Structure formats: structure tokens, C-alpha cells
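Notes follow once the structure below has been shown.
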Amino acid sequence: EYAGENRDVMKGGRVVDTIDATKSADEREAEKKRQAKEAEQQKAAEYDRTLLEMYRDQKDITSMRDERISLIDSRMQAAQKTESDTNKSLAGLRARAEAQQQKEGQVDPALVKQVKQFEKSQKDNTKAIERLTKEREALRAKFDKDYMRYSELRGLPATPPPPPKPMVAEEAPAKDPKAATPATPADPKAGTPATPTAPAK
């Protein structure tokens with residue numbers, strides 16, 4: 001007797017949807033798609049308004065992009081420096097372990113532990129660099145997309161944005177005479193390996 005009336009869909013004691021009995025399943029599905037499309041269009045329109053309000057011209061977009069990318073590049077340089085230092089120290093430690101194995105038939109457990117610590121640090125550094133690389137690419141793609149959309153909204157030529165400024169290598173710091181130096185295969189006891197440096201966050 002109630003087949004021709006609207007029905008409420010209940011969940012957890014509250015109404016989550018209302019089914020119009022006058023519409024077929026196909027009509028209800030079409031209505032949902034229409035509502036989803038309208039919501040997507042509204043979201044896109046709001047994003048366009050934000051672009052126009054946030055930037056005065058195309059240079060504002062590229063300046064903001066370059067500023068954000070330079071921050072990532074700084075972190076990338078730190079991670080690469082850490083990776084280089086870790087690789088050098090790890091090479092020295094492995095050389096010491098190999099020489100010790102050949103000479104004494106075994107490797108000091110403390111040295112084995114140290115090698116494992118540096119190997120873990122090496123993996124962490126590699127992951128950090130990969131993560132920063134992906135973050136940089138995603139950031140550039142987002143700003144380039146905003147640049148093209150802004151140009152379209154302003155009726156400007158649809159030319160690709162200029163590439164980001166190249167990363168400038170930092171000056172190498174003066175070498176600390178007290179800093180740890182890796183051991184060499186020729187002299188397995190030389191050098192004092194440092195504690196692995198944590199990868200850049």
C-alpha cells in the first residue's frame with residue numbers, strides 16, 4: 001500500500017537518503033551523476049576564482065613556483081651531501097671489515113654493527129632523495145597547470161611557463177681537520193668513522 005510513496009533510507013538511526021518512488025532506478029542513477037557533475041563544476045569554478053584573486057599576473061605564479069621549488073632543492077642538496085658522506089664512510093668501514101676478516105679470520109662485532117648502521121642510513125638517504133624528487137615534480141606540475149589555466153582565464157597566449165631556475169650548488173664547507181675520515185683498504189685501521197647522519201626530512 002506504500003509502494004507509490006517516497007521512502008527514506010535509514011542508517012544508524014538517521015536518514016541518509018530519500019528514494020523518490022516516482023523515479024526508476026535508471027532515473028535515480030542519472031540524478032546522482034548530474035548532482036556529482038554539478039558539484040565538480042562548482043569546485044572548478046571556485047578554484048578558478050581563487051587563481052584570479054591570488055595572482056596578479058603570470059610572473060606571480062612562476063615566482064611562487066620557483067620559491068617553493070628552491071626550498072625543496074635546498075633539502076635535496078642536504079640529502080645528497082648526507083648520502084655522499086655516508087657512502088664514503090661506509091666504503092671505509094667495509095674496507096676495514098674486509099681487511100680484518102682476511103687478517104684475523106673474523107670481524108669485530110662492533111664494526112659489523114657499525115656497517116649495518118651506515119647501510120640503514122644509506123637506504124634512508126636514498127628514500128629521502130626519491131621522495132624529494134617526486135615532491136618537486138608534483139609541485140612543478142601543479143604550478144604549471146595553474147599557469148596554463150590562469151592564462152586561459154585571462155585570455156593570454158597558451159604558451160608553456162618558463163622552466164624553474166636551476167638549482168645552485170652550495171659552496172663546499174671548509175674541511176674540519178678533526179672530522180672523521182674513512183679507512184682505506186691499504187690501511188684498515190686508519191680513520192675514525194662517524195655516526196651515520198640522519199637523512200634530510
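Identifiers for the C-alpha cells are assigned positionally: chains receive A, B, ... in sequence, residues are indexed from 1 per chain, and ligands are indexed from 1 in the order shown.
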Residues near Lys134 (chain A), cut-off 12 Å, only C-alpha atoms, skip fewer than 4 positions along chain, as a ChimeraX atom specification: /A:69,72-73,76,127-130,138-141
Can you spit out the residues from that selection as a PDB file, in the first residue's frame, using N, CA, C and O atoms?
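Wrote out_17.pdb, looks like this:
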ATOM      1  N   ILE A  69      59.994  25.583  -5.054  1.00  0.00           N
ATOM      2  CA  ILE A  69      60.922  24.570  -5.555  1.00  0.00           C
ATOM      3  C   ILE A  69      62.311  24.763  -4.960  1.00  0.00           C
ATOM      4  O   ILE A  69      63.021  23.784  -4.675  1.00  0.00           O
ATOM      5  N   ILE A  72      62.636  22.983  -1.744  1.00  0.00           N
ATOM      6  CA  ILE A  72      62.835  21.546  -1.933  1.00  0.00           C
ATOM      7  C   ILE A  72      64.263  21.269  -2.393  1.00  0.00           C
ATOM      8  O   ILE A  72      64.896  20.309  -1.950  1.00  0.00           O
ATOM      9  N   ASP A  73      64.782  22.133  -3.267  1.00  0.00           N
ATOM     10  CA  ASP A  73      66.145  21.947  -3.765  1.00  0.00           C
ATOM     11  C   ASP A  73      67.164  22.030  -2.626  1.00  0.00           C
ATOM     12  O   ASP A  73      68.171  21.311  -2.615  1.00  0.00           O
ATOM     13  N   MET A  76      67.062  18.887  -0.920  1.00  0.00           N
ATOM     14  CA  MET A  76      67.668  17.888  -1.789  1.00  0.00           C
ATOM     15  C   MET A  76      69.197  17.938  -1.683  1.00  0.00           C
ATOM     16  O   MET A  76      69.867  16.900  -1.608  1.00  0.00           O
ATOM     17  N   LYS A 127      65.878   6.866   0.013  1.00  0.00           N
ATOM     18  CA  LYS A 127      64.432   7.068   0.053  1.00  0.00           C
ATOM     19  C   LYS A 127      64.086   8.551   0.172  1.00  0.00           C
ATOM     20  O   LYS A 127      63.136   9.031  -0.437  1.00  0.00           O
ATOM     21  N   ALA A 128      64.866   9.281   0.975  1.00  0.00           N
ATOM     22  CA  ALA A 128      64.612  10.712   1.157  1.00  0.00           C
ATOM     23  C   ALA A 128      64.786  11.465  -0.163  1.00  0.00           C
ATOM     24  O   ALA A 128      63.982  12.333  -0.508  1.00  0.00           O
ATOM     25  N   ILE A 129      65.831  11.124  -0.909  1.00  0.00           N
ATOM     26  CA  ILE A 129      66.082  11.785  -2.193  1.00  0.00           C
ATOM     27  C   ILE A 129      64.974  11.450  -3.193  1.00  0.00           C
ATOM     28  O   ILE A 129      64.500  12.318  -3.930  1.00  0.00           O
ATOM     29  N   GLU A 130      64.543  10.189  -3.215  1.00  0.00           N
ATOM     30  CA  GLU A 130      63.458   9.792  -4.115  1.00  0.00           C
ATOM     31  C   GLU A 130      62.169  10.527  -3.760  1.00  0.00           C
ATOM     32  O   GLU A 130      61.438  10.981  -4.649  1.00  0.00           O
ATOM     33  N   ALA A 138      55.872  16.876  -8.620  1.00  0.00           N
ATOM     34  CA  ALA A 138      54.444  17.113  -8.405  1.00  0.00           C
ATOM     35  C   ALA A 138      54.161  18.605  -8.226  1.00  0.00           C
ATOM     36  O   ALA A 138      53.169  19.135  -8.736  1.00  0.00           O
ATOM     37  N   LEU A 139      55.055  19.286  -7.501  1.00  0.00           N
ATOM     38  CA  LEU A 139      54.876  20.723  -7.269  1.00  0.00           C
ATOM     39  C   LEU A 139      54.978  21.499  -8.574  1.00  0.00           C
ATOM     40  O   LEU A 139      54.151  22.381  -8.852  1.00  0.00           O
ATOM     41  N   ARG A 140      55.972  21.142  -9.388  1.00  0.00           N
ATOM     42  CA  ARG A 140      56.124  21.839 -10.664  1.00  0.00           C
ATOM     43  C   ARG A 140      54.908  21.594 -11.562  1.00  0.00           C
ATOM     44  O   ARG A 140      54.405  22.521 -12.210  1.00  0.00           O
ATOM     45  N   ALA A 141      54.425  20.355 -11.603  1.00  0.00           N
ATOM     46  CA  ALA A 141      53.268  20.028 -12.431  1.00  0.00           C
ATOM     47  C   ALA A 141      52.042  20.825 -12.000  1.00  0.00           C
ATOM     48  O   ALA A 141      51.279  21.321 -12.838  1.00  0.00           O
TER      49      ALA A 141
END
For CA of Asp48 (chain A) and CA of Ala158 (chain A), the interatomic separation in Å (one decimal): 16.2 Å
Could you give me the residues within region 47-194 of chain A that DSSP places in helix (DSSP H, G or I), as a ChimeraX atom specification? /A:47-54,58-104,109-154
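Take CA of Arg75 (chain A) and CA of Thr126 (chain A): the distance between them is 13.1 Å.
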